[in-house]
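Listing of data19.cif, mmCIF, C-alpha atoms and all ligand atoms
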data_structure
#
loop_
_atom_site.label_atom_id
_atom_site.label_comp_id
_atom_site.auth_asym_id
_atom_site.auth_seq_id
_atom_site.Cartn_x
_atom_site.Cartn_y
_atom_site.Cartn_z
CA MET X 129 93.86 112.86 118.27
CA ASN X 130 94.22 112.59 114.53
CA GLN X 131 91.02 112.93 112.58
CA GLY X 132 89.66 113.30 109.10
CA LYS X 133 86.26 114.54 108.04
CA TRP X 134 84.48 114.27 104.72
CA GLN X 135 81.19 115.60 103.41
CA ILE X 136 79.10 113.54 100.97
CA GLY X 137 75.98 115.56 100.21
CA GLU X 138 74.11 115.75 103.51
CA VAL X 139 76.21 113.00 105.09
CA THR X 140 79.43 113.50 107.04
CA VAL X 141 82.04 110.86 107.72
CA THR X 142 84.43 111.42 110.62
CA ARG X 143 87.49 109.34 111.33
CA VAL X 144 88.43 108.60 114.94
CA VAL X 145 91.81 106.91 115.19
CA GLU X 146 92.68 104.20 117.65
CA ILE X 147 96.22 103.39 116.44
CA GLU X 148 98.36 104.76 113.63
CA ALA X 149 101.48 102.68 113.08
CA THR X 150 104.38 102.22 110.72
CA GLY X 151 105.84 98.85 109.82
CA GLY X 152 103.22 96.29 110.82
CA MET X 153 101.63 96.23 107.37
CA SER X 154 104.49 94.19 105.87
CA ARG X 155 103.16 91.15 107.72
CA ILE X 156 99.71 91.77 106.28
CA ILE X 157 100.91 92.23 102.68
CA PRO X 158 104.08 90.12 102.40
CA ASP X 159 104.40 90.74 98.63
CA ALA X 160 104.86 94.48 99.22
CA LYS X 161 108.67 94.50 99.38
CA ARG X 162 110.47 97.80 99.88
CA GLU X 163 112.10 97.74 96.45
CA LEU X 164 108.72 97.19 94.78
CA LEU X 165 107.08 99.97 96.80
CA LYS X 166 109.88 102.27 95.65
CA GLU X 167 108.53 101.99 92.12
CA ILE X 168 105.28 103.67 93.23
CA PRO X 169 106.24 107.28 94.00
CA TRP X 170 102.73 108.48 94.88
CA LEU X 171 102.69 106.22 97.97
CA TYR X 172 105.29 108.54 99.56
CA PRO X 173 105.11 110.15 102.09
CA HIS X 174 101.52 109.44 103.18
CA PHE X 175 101.43 105.67 102.87
CA VAL X 176 105.11 104.66 102.97
CA ASP X 177 107.74 106.44 105.05
CA GLU X 178 111.20 107.56 103.95
CA ASN X 179 112.64 104.23 105.14
CA GLY X 180 110.29 102.28 102.91
CA ARG X 181 108.02 101.10 105.71
CA MET X 182 104.28 100.95 105.07
CA ARG X 183 102.05 103.13 107.21
CA GLY X 184 98.66 102.01 108.41
CA SER X 185 95.85 103.03 110.70
CA ILE X 186 93.16 101.45 112.80
CA HIS X 187 90.21 103.79 113.03
CA ALA X 188 86.46 103.93 113.24
CA LEU X 189 84.49 105.90 110.66
CA ILE X 190 81.39 107.62 111.97
CA ILE X 191 78.69 108.25 109.40
CA GLU X 192 76.19 110.96 110.27
CA THR X 193 73.09 111.31 108.11
CA PRO X 194 70.37 113.90 108.89
CA ASP X 195 68.64 111.33 111.09
CA ARG X 196 71.08 108.58 112.00
CA THR X 197 74.59 108.07 113.37
CA ILE X 198 76.48 104.92 112.46
CA VAL X 199 79.87 103.74 113.70
CA VAL X 200 81.61 101.65 111.05
CA ASP X 201 84.10 99.19 112.59
CA THR X 202 85.12 99.35 116.21
CA CYS X 203 88.89 98.76 116.16
CA VAL X 204 90.73 96.64 118.74
CA GLY X 205 89.29 97.90 122.02
CA ASN X 206 90.68 98.23 125.54
CA ASP X 207 91.44 95.56 128.13
CA LYS X 208 91.28 92.67 125.65
CA GLU X 209 93.75 89.83 125.82
CA ARG X 210 95.07 89.18 122.35
CA GLY X 211 97.66 86.86 120.85
CA ASN X 212 99.20 89.79 118.97
CA PRO X 213 101.16 91.73 121.66
CA PRO X 214 100.73 95.25 120.18
CA TRP X 215 96.94 94.71 120.35
CA SER X 216 96.77 93.04 123.75
CA ASN X 217 95.40 94.86 126.80
CA LEU X 218 95.28 98.22 125.05
CA GLN X 219 94.55 101.32 127.10
CA THR X 220 93.82 103.94 124.47
CA THR X 221 91.72 107.10 124.69
CA PHE X 222 89.55 106.01 121.76
CA LEU X 223 86.25 106.29 123.59
CA SER X 224 86.91 109.77 124.96
CA ASP X 225 88.23 110.80 121.54
CA LEU X 226 84.98 109.57 120.03
CA GLU X 227 83.04 111.56 122.59
CA ALA X 228 85.20 114.66 122.00
CA ALA X 229 84.39 114.37 118.29
CA GLY X 230 80.73 114.74 119.25
CA TYR X 231 79.78 111.09 119.44
CA ALA X 232 78.90 110.04 122.95
CA PRO X 233 78.14 106.30 123.04
CA GLU X 234 74.44 106.92 123.83
CA ARG X 235 74.09 108.89 120.57
CA ILE X 236 75.00 105.99 118.30
CA ASP X 237 72.07 104.42 116.42
CA ASN X 238 73.98 101.70 114.59
CA VAL X 239 77.27 99.91 114.84
CA LEU X 240 78.29 98.22 111.61
CA CYS X 241 81.08 95.65 111.51
CA THR X 242 82.32 95.22 107.92
CA HIS X 243 83.48 91.81 109.09
CA LEU X 244 84.18 90.14 112.41
CA HIS X 245 87.97 90.25 112.61
CA VAL X 246 89.68 91.29 115.84
CA ASP X 247 90.39 94.90 114.78
CA HIS X 248 86.79 95.59 113.69
CA VAL X 249 84.79 94.51 116.73
CA GLY X 250 86.84 95.58 119.76
CA TRP X 251 84.87 98.60 120.95
CA ASN X 252 81.61 96.72 120.55
CA THR X 253 82.10 96.09 124.26
CA ILE X 254 83.78 97.60 127.30
CA LEU X 255 84.79 95.99 130.57
CA VAL X 256 82.48 97.08 133.42
CA ASP X 257 82.88 95.44 136.84
CA GLY X 258 84.68 92.51 135.25
CA LYS X 259 81.98 91.94 132.61
CA TRP X 260 81.87 92.75 128.90
CA GLN X 261 79.03 95.20 128.32
CA PRO X 262 77.80 96.78 125.07
CA THR X 263 79.62 100.11 124.59
CA PHE X 264 76.73 101.63 122.63
CA PRO X 265 73.62 100.85 124.68
CA ASN X 266 71.10 102.43 122.28
CA ALA X 267 72.53 101.00 119.08
CA ARG X 268 71.43 98.17 116.88
CA TYR X 269 74.62 96.35 115.96
CA LEU X 270 74.59 95.23 112.32
CA MET X 271 76.63 92.14 111.51
CA GLY X 272 76.62 89.99 108.40
CA ARG X 273 74.60 86.82 108.79
CA VAL X 274 77.14 84.80 106.77
CA GLU X 275 79.98 86.38 108.74
CA PHE X 276 78.40 85.65 112.10
CA GLU X 277 77.55 82.05 111.21
CA HIS X 278 81.06 81.48 109.92
CA TRP X 279 82.97 82.85 112.92
CA THR X 280 80.73 81.28 115.57
CA ASN X 281 81.72 77.90 114.13
CA VAL X 282 85.48 78.42 114.02
CA ASP X 283 87.16 76.30 116.67
CA GLU X 284 90.34 78.31 117.19
CA THR X 285 91.48 79.98 120.43
CA GLY X 286 92.04 83.53 119.11
CA THR X 287 88.71 83.59 117.28
CA LYS X 288 86.84 82.19 120.26
CA GLN X 289 88.36 84.87 122.47
CA VAL X 290 87.30 87.67 120.10
CA MET X 291 83.81 86.25 119.74
CA SER X 292 83.35 85.79 123.46
CA ASP X 293 84.52 89.24 124.58
CA SER X 294 83.47 91.43 121.62
CA VAL X 295 80.67 89.79 119.62
CA LEU X 296 78.62 87.41 121.75
CA PRO X 297 78.02 89.88 124.62
CA VAL X 298 76.16 92.24 122.28
CA PHE X 299 74.38 89.31 120.65
CA ASP X 300 73.30 87.98 124.05
CA ALA X 301 72.09 91.47 125.02
CA GLY X 302 69.70 91.28 122.06
CA LEU X 303 71.34 94.19 120.23
CA VAL X 304 72.45 92.40 117.04
CA ASP X 305 70.63 92.39 113.70
CA LEU X 306 72.10 89.83 111.32
CA VAL X 307 71.97 91.33 107.84
CA GLU X 308 72.65 90.27 104.27
CA THR X 309 75.68 91.55 102.36
CA ASP X 310 73.57 93.93 100.24
CA HIS X 311 71.55 95.31 103.16
CA LYS X 312 70.22 98.87 102.89
CA ILE X 313 70.56 100.66 106.24
CA CYS X 314 68.75 103.87 105.26
CA ASP X 315 68.18 106.10 102.24
CA GLN X 316 71.81 107.17 102.03
CA ILE X 317 73.66 104.09 103.31
CA SER X 318 73.83 100.56 101.96
CA LEU X 319 76.18 97.62 102.08
CA ILE X 320 77.96 96.19 99.09
CA PRO X 321 79.31 92.63 99.18
CA THR X 322 83.10 92.61 98.87
CA VAL X 323 83.85 89.06 99.96
CA GLY X 324 87.20 87.28 99.85
CA HIS X 325 88.92 88.85 102.84
CA SER X 326 86.32 87.05 104.92
CA PRO X 327 83.27 84.98 103.89
CA GLY X 328 80.67 87.73 104.43
CA HIS X 329 82.78 90.86 104.11
CA VAL X 330 81.03 94.11 103.14
CA SER X 331 81.95 97.64 102.14
CA VAL X 332 79.72 100.63 102.77
CA LEU X 333 78.22 102.79 100.03
CA ILE X 334 77.16 106.35 100.89
CA GLN X 335 74.96 108.27 98.44
CA SER X 336 73.57 111.72 99.07
CA GLN X 337 72.55 114.59 96.83
CA GLY X 338 74.33 113.10 93.84
CA GLU X 339 77.57 112.55 95.72
CA GLU X 340 79.03 109.16 96.60
CA ALA X 341 81.64 107.53 98.81
CA VAL X 342 82.71 103.98 99.60
CA ILE X 343 84.20 102.81 102.89
CA THR X 344 86.42 99.92 101.92
CA GLY X 345 86.61 97.64 104.92
CA ASP X 346 89.45 95.16 104.46
CA PHE X 347 89.12 93.95 100.88
CA ILE X 348 92.13 96.24 100.61
CA HIS X 349 94.49 97.09 103.49
CA HIS X 350 96.96 99.48 101.92
CA PRO X 351 96.92 101.72 98.83
CA CYS X 352 99.78 99.69 97.27
CA GLN X 353 97.12 97.06 96.50
CA ILE X 354 95.46 99.57 94.17
CA VAL X 355 98.52 99.28 91.92
CA HIS X 356 98.89 95.58 92.67
CA PRO X 357 95.44 94.04 93.18
CA GLU X 358 97.20 90.67 92.91
CA TRP X 359 98.93 91.24 96.26
CA PRO X 360 96.70 89.46 98.78
CA SER X 361 96.38 90.34 102.44
CA ALA X 362 97.68 87.49 104.57
CA PRO X 363 94.39 87.02 106.46
CA ASP X 364 92.27 86.81 103.25
CA SER X 365 90.08 83.73 103.67
CA ASP X 366 89.71 83.27 99.89
CA PRO X 367 92.63 85.02 98.14
CA GLU X 368 91.31 84.29 94.65
CA GLN X 369 87.95 85.87 95.47
CA GLY X 370 89.77 88.74 97.19
CA LEU X 371 91.59 89.47 93.94
CA LYS X 372 88.33 89.36 91.96
CA THR X 373 86.76 91.76 94.45
CA ARG X 374 89.63 94.27 94.20
CA HIS X 375 89.46 94.20 90.40
CA ALA X 376 85.69 94.60 90.43
CA VAL X 377 85.69 97.56 92.83
CA PHE X 378 88.62 99.34 91.19
CA SER X 379 87.17 99.07 87.69
CA ARG X 380 83.74 100.15 88.96
CA TYR X 381 84.96 103.33 90.67
CA ALA X 382 88.07 104.34 88.69
CA ASP X 383 87.75 107.77 87.09
CA THR X 384 84.44 108.44 88.85
CA PRO X 385 83.79 111.15 91.47
CA THR X 386 83.22 108.48 94.15
CA LEU X 387 85.42 109.11 97.19
CA ILE X 388 87.21 105.99 98.44
CA ILE X 389 87.71 106.00 102.22
CA GLY X 390 90.15 103.36 103.41
CA THR X 391 89.52 101.46 106.60
CA HIS X 392 93.25 100.98 107.21
CA PHE X 393 94.65 103.81 105.08
CA HIS X 394 96.98 106.17 106.92
CA THR X 395 96.24 109.92 106.85
CA PRO X 396 94.84 111.34 104.56
CA THR X 397 92.85 108.07 104.37
CA ALA X 398 90.62 108.96 101.41
CA GLY X 399 91.02 109.71 97.72
CA HIS X 400 89.81 109.03 94.20
CA LEU X 401 90.64 105.99 92.08
CA LYS X 402 92.22 106.72 88.72
CA ARG X 403 93.19 104.42 85.88
CA ASP X 404 96.96 104.45 85.47
CA GLY X 405 98.28 102.48 82.48
CA ASP X 406 96.97 98.94 82.90
CA THR X 407 96.35 99.42 86.63
CA TYR X 408 95.14 102.10 89.10
CA ARG X 409 96.30 104.68 91.57
CA LEU X 410 94.74 106.70 94.39
CA ASP X 411 94.59 110.46 93.99
CA VAL X 412 94.72 112.07 97.44
ZN ZN G 1 91.30 95.08 109.66
#
Target format structure tokens, applied to this file:
Amino acid sequence: MNQGKWQIGEVTVTRVVEIEATGGMSRIIPDAKRELLKEIPWLYPHFVDENGRMRGSIHALIIETPDRTIVVDTCVGNDKERGNPPWSNLQTTFLSDLEAAGYAPERIDNVLCTHLHVDHVGWNTILVDGKWQPTFPNARYLMGRVEFEHWTNVDETGTKQVMSDSVLPVFDAGLVDLVETDHKICDQISLIPTVGHSPGHVSVLIQSQGEEAVITGDFIHHPCQIVHPEWPSAPDSDPEQGLKTRHAVFSRYADTPTLIIGTHFHTPTAGHLKRDGDTYRLDV
């Protein structure tokens, strides 16, 4: 079990990994060719391996405030039939790893999906006696209203499968609150709209005792996009808006003390944005 833990004032963020993998990212960011990555020495060895292959991670980030525990993004999940073979019918120890980290499912107050893609909603549900049941029975699940309305109307097999096994069962159980992209969850935690990757995509802003962190979600998949904001992620629904979002976030947080925690960044997963010539880098 590979974890990370960060303290932001009174708030802790704990990473629980479902899958860490090398190589798959090149399909997500096709512009990130090996020879171009080679020109960015700080990506090695954490984010690109010695053979020039990008490293990535699928993990949940658990935010604990003095009075609330929030799971941000719920990975791929077990037992789910998926078109992408490495994600189909997974049997990982994610849930027991979550519990071992101190987060039994009953303890979770909120589940937040930054967006409703397949690798962000999986552990919303578990298979019990052949039925998809909410994994976190005492949680309110927060999903973007725009996001939910968009994906419920997409007539495509893969999307329908994800919605029917990982989103609609919690909705039908009455556990979903549809929220706006600038929703404030509690004193320390609010959403910031970072659309482009998907129509209602959000990032998460944590503020406590003068300290600050941002959980990215998927407006960026890999730290190479910090140097090259113009490299889109293949699944971006609006690449032009995705580019605008990356520029806006990078210029907002560069050279500030705000910790950037990546939703798909390989260990060490978090760092600080710095201006670097006419672009940016991540200091880890
Ligand atoms: Zn993702």
Output the neighbourhood of ligand ZN 1 (chain G) as a ChimeraX atom specification, that is, all protein and nucleic acid residues with some atom at most 10 Å from the ligand, counting only C-alpha atoms and all ligand atoms.
-> /X:156,185-187,201-204,242-249,325,345-349,363,391-392
Closest of X:Glu178, X:Asp195, X:Glu148, X:Glu308 to Glu275 in chain X - atom-to-atom distances counting only C-alpha atoms | X:Glu308
Shell around Phe222 in chain X at 10 Å using all atoms listed in the file, local window under 4 positions removed, as JSON, numbers by chain | {"X": [129, 144, 145, 146, 147, 187, 188, 202, 203, 204, 205, 206, 226, 227, 228, 251]}
Mind giving me the straight-line distance from CA of Arg268 in chain X to CA of Asp305 in chain X in Å, one decimal?
-> 6.6 Å
If you count all atoms listed in the file, which residues fall within 6 Å of range 400-408 of chain X, apart from same-chain ones fewer than 3 positions away, as a PyMOL selection string?
-> chain X and resi 354-355+382-383+387-388+411
Would you list the residues near (90.5, 85.3, 102.5) (no more than 7 Å away, in the coordinates of the file, using only C-alpha atoms) as a list of chain:residue names?
->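 Looking at atoms near the point gives X:Gly324, X:His325, X:Ser326, X:Pro363, X:Asp364, X:Ser365, X:Asp366, X:Pro367, X:Gly370.
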Within 8 Å of range 233-237 of chain X, counting all atoms listed in the file, which residues qualify if same-chain residues fewer than 4 places away don't, as a list in words?
->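 Near range 233-237 of chain X, the qualifying residues are Arg196, Thr197, Ile198, Val199, Glu227, Thr263, Phe264, Pro265, Asn266, Ala267 and Arg268 of chain X.
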Rounded to one decimal in Å, what is the spacing between CA of Ala376 in chain X and CA of Glu163 in chain X?
->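 Separating CA of Ala376 in chain X from CA of Glu163 in chain X is a distance of 27.3 Å.
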Straight-line distance linking CA of Gln261 in chain X with CA of Ile343 in chain X, stated in Å to one decimal = 27.0 Å
Residues within 9 Å of Phe276 in chain X, all atoms listed in the file, excluding chain neighbours under 4 positions, as a list in words |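 Here the qualifying residues turn out to be His243, Leu244, Met271, Gly272, Thr280, Asn281, Val295, Leu306 and Gly328 of chain X.
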Which residue gives the smallest distance to Ala229 in chain X among X:Arg183, X:Arg143, X:His278, X:Arg162, with all atoms listed in the file counted?
->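 Of X:Arg183, X:Arg143, X:His278, X:Arg162, the one nearest Ala229 in chain X, counting all atoms listed in the file, is X:Arg143.
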For each of X:Met291, X:Leu218, X:Val377, X:Leu410, take the minimum atom-to-atom distance to Phe393 in chain X, counting all atoms listed in the file, then give the residue where this is smallest.
->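 With all atoms listed in the file as the atom set, the closest residue is X:Leu410.
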Extract, using all atoms listed in the file, all DNA, RNA and protein residues at most 12 Å from Gln289 in chain X, discarding same-chain residues fewer than 4 positions from it, and format them as JSON, numbers by chain.
-> {"X": [208, 209, 210, 211, 216, 245, 246, 249, 250, 279, 280, 282, 283, 284, 285, 293, 294, 295, 296, 297]}
Could you tell me which of X:Val256, X:Ile320, X:Ile313, X:Met182 comes closest to Val342 in chain X if we count all atoms listed in the file?
->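 Of X:Val256, X:Ile320, X:Ile313, X:Met182, the one nearest Val342 in chain X, counting all atoms listed in the file, is X:Ile320.
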Place a sphere of radius 10 Å on (78.5, 109.8, 107.4) in the file coordinates and name every protein, DNA or RNA residue with an atom inside or on its surface, counting only C-alpha atoms; give the answer as an mmCIF file with C-alpha atoms, keeping the file's coordinate frame.
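Written output follows (point30.cif):
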data_model
loop_
_atom_site.group_PDB
_atom_site.id
_atom_site.type_symbol
_atom_site.label_atom_id
_atom_site.label_comp_id
_atom_site.auth_asym_id
_atom_site.auth_seq_id
_atom_site.Cartn_x
_atom_site.Cartn_y
_atom_site.Cartn_z
ATOM 1 C CA LYS X 133 86.260 114.540 108.040
ATOM 2 C CA TRP X 134 84.480 114.270 104.720
ATOM 3 C CA GLN X 135 81.190 115.600 103.410
ATOM 4 C CA ILE X 136 79.100 113.540 100.970
ATOM 5 C CA GLY X 137 75.980 115.560 100.210
ATOM 6 C CA GLU X 138 74.110 115.750 103.510
ATOM 7 C CA VAL X 139 76.210 113.000 105.090
ATOM 8 C CA THR X 140 79.430 113.500 107.040
ATOM 9 C CA VAL X 141 82.040 110.860 107.720
ATOM 10 C CA THR X 142 84.430 111.420 110.620
ATOM 11 C CA ARG X 143 87.490 109.340 111.330
ATOM 12 C CA LEU X 189 84.490 105.900 110.660
ATOM 13 C CA ILE X 190 81.390 107.620 111.970
ATOM 14 C CA ILE X 191 78.690 108.250 109.400
ATOM 15 C CA GLU X 192 76.190 110.960 110.270
ATOM 16 C CA THR X 193 73.090 111.310 108.110
ATOM 17 C CA PRO X 194 70.370 113.900 108.890
ATOM 18 C CA ARG X 196 71.080 108.580 112.000
ATOM 19 C CA THR X 197 74.590 108.070 113.370
ATOM 20 C CA ILE X 198 76.480 104.920 112.460
ATOM 21 C CA VAL X 199 79.870 103.740 113.700
ATOM 22 C CA VAL X 200 81.610 101.650 111.050
ATOM 23 C CA GLN X 316 71.810 107.170 102.030
ATOM 24 C CA ILE X 317 73.660 104.090 103.310
ATOM 25 C CA ILE X 334 77.160 106.350 100.890
ATOM 26 C CA GLN X 335 74.960 108.270 98.440
ATOM 27 C CA SER X 336 73.570 111.720 99.070
ATOM 28 C CA ALA X 341 81.640 107.530 98.810
#
Using all atoms listed in the file, find the one residue out of X:Arg380, X:Arg155, X:Arg273, X:Pro321 that sits nearest to Val307 in chain X.
->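 Smallest distance to Val307 in chain X is found for X:Arg273.
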Complete the atoms of range 176-193 of chain X to N, CA and C atoms and put them out as a PDB file, in the coordinates of the input.
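This is the output file rebuild.pdb:
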ATOM      1  N   VAL X 176     103.841 105.352 102.722  1.00  0.00           N
ATOM      2  CA  VAL X 176     105.110 104.660 102.970  1.00  0.00           C
ATOM      3  C   VAL X 176     106.082 105.717 103.471  1.00  0.00           C
ATOM      4  N   ASP X 177     106.835 105.407 104.522  1.00  0.00           N
ATOM      5  CA  ASP X 177     107.740 106.440 105.050  1.00  0.00           C
ATOM      6  C   ASP X 177     109.079 106.437 104.311  1.00  0.00           C
ATOM      7  N   GLU X 178     109.946 107.375 104.698  1.00  0.00           N
ATOM      8  CA  GLU X 178     111.200 107.560 103.950  1.00  0.00           C
ATOM      9  C   GLU X 178     112.112 106.336 104.038  1.00  0.00           C
ATOM     10  N   ASN X 179     111.851 105.459 105.034  1.00  0.00           N
ATOM     11  CA  ASN X 179     112.640 104.230 105.140  1.00  0.00           C
ATOM     12  C   ASN X 179     111.983 103.047 104.427  1.00  0.00           C
ATOM     13  N   GLY X 180     110.935 103.336 103.692  1.00  0.00           N
ATOM     14  CA  GLY X 180     110.290 102.280 102.910  1.00  0.00           C
ATOM     15  C   GLY X 180     109.331 101.414 103.707  1.00  0.00           C
ATOM     16  N   ARG X 181     108.945 101.894 104.891  1.00  0.00           N
ATOM     17  CA  ARG X 181     108.020 101.100 105.710  1.00  0.00           C
ATOM     18  C   ARG X 181     106.575 101.570 105.492  1.00  0.00           C
ATOM     19  N   MET X 182     105.689 100.601 105.325  1.00  0.00           N
ATOM     20  CA  MET X 182     104.280 100.950 105.070  1.00  0.00           C
ATOM     21  C   MET X 182     103.621 101.510 106.325  1.00  0.00           C
ATOM     22  N   ARG X 183     102.804 102.548 106.108  1.00  0.00           N
ATOM     23  CA  ARG X 183     102.050 103.130 107.210  1.00  0.00           C
ATOM     24  C   ARG X 183     100.614 102.631 107.169  1.00  0.00           C
ATOM     25  N   GLY X 184     100.059 102.457 108.333  1.00  0.00           N
ATOM     26  CA  GLY X 184      98.660 102.010 108.410  1.00  0.00           C
ATOM     27  C   GLY X 184      97.943 102.670 109.569  1.00  0.00           C
ATOM     28  N   SER X 185      96.669 102.413 109.661  1.00  0.00           N
ATOM     29  CA  SER X 185      95.850 103.030 110.700  1.00  0.00           C
ATOM     30  C   SER X 185      94.731 102.078 111.090  1.00  0.00           C
ATOM     31  N   ILE X 186      94.394 102.115 112.351  1.00  0.00           N
ATOM     32  CA  ILE X 186      93.160 101.450 112.800  1.00  0.00           C
ATOM     33  C   ILE X 186      92.260 102.554 113.312  1.00  0.00           C
ATOM     34  N   HIS X 187      91.132 102.720 112.645  1.00  0.00           N
ATOM     35  CA  HIS X 187      90.210 103.790 113.030  1.00  0.00           C
ATOM     36  C   HIS X 187      88.773 103.368 112.817  1.00  0.00           C
ATOM     37  N   ALA X 188      87.890 104.078 113.494  1.00  0.00           N
ATOM     38  CA  ALA X 188      86.460 103.930 113.240  1.00  0.00           C
ATOM     39  C   ALA X 188      86.051 105.082 112.322  1.00  0.00           C
ATOM     40  N   LEU X 189      85.036 104.848 111.506  1.00  0.00           N
ATOM     41  CA  LEU X 189      84.490 105.900 110.660  1.00  0.00           C
ATOM     42  C   LEU X 189      83.038 106.103 111.082  1.00  0.00           C
ATOM     43  N   ILE X 190      82.733 107.330 111.468  1.00  0.00           N
ATOM     44  CA  ILE X 190      81.390 107.620 111.970  1.00  0.00           C
ATOM     45  C   ILE X 190      80.606 108.335 110.881  1.00  0.00           C
ATOM     46  N   ILE X 191      79.537 107.689 110.450  1.00  0.00           N
ATOM     47  CA  ILE X 191      78.690 108.250 109.400  1.00  0.00           C
ATOM     48  C   ILE X 191      77.522 108.956 110.082  1.00  0.00           C
ATOM     49  N   GLU X 192      77.330 110.230 109.725  1.00  0.00           N
ATOM     50  CA  GLU X 192      76.190 110.960 110.270  1.00  0.00           C
ATOM     51  C   GLU X 192      75.293 111.415 109.126  1.00  0.00           C
ATOM     52  N   THR X 193      74.084 110.872 109.087  1.00  0.00           N
ATOM     53  CA  THR X 193      73.090 111.310 108.110  1.00  0.00           C
ATOM     54  C   THR X 193      72.181 112.301 108.856  1.00  0.00           C
TER      55      THR X 193
END
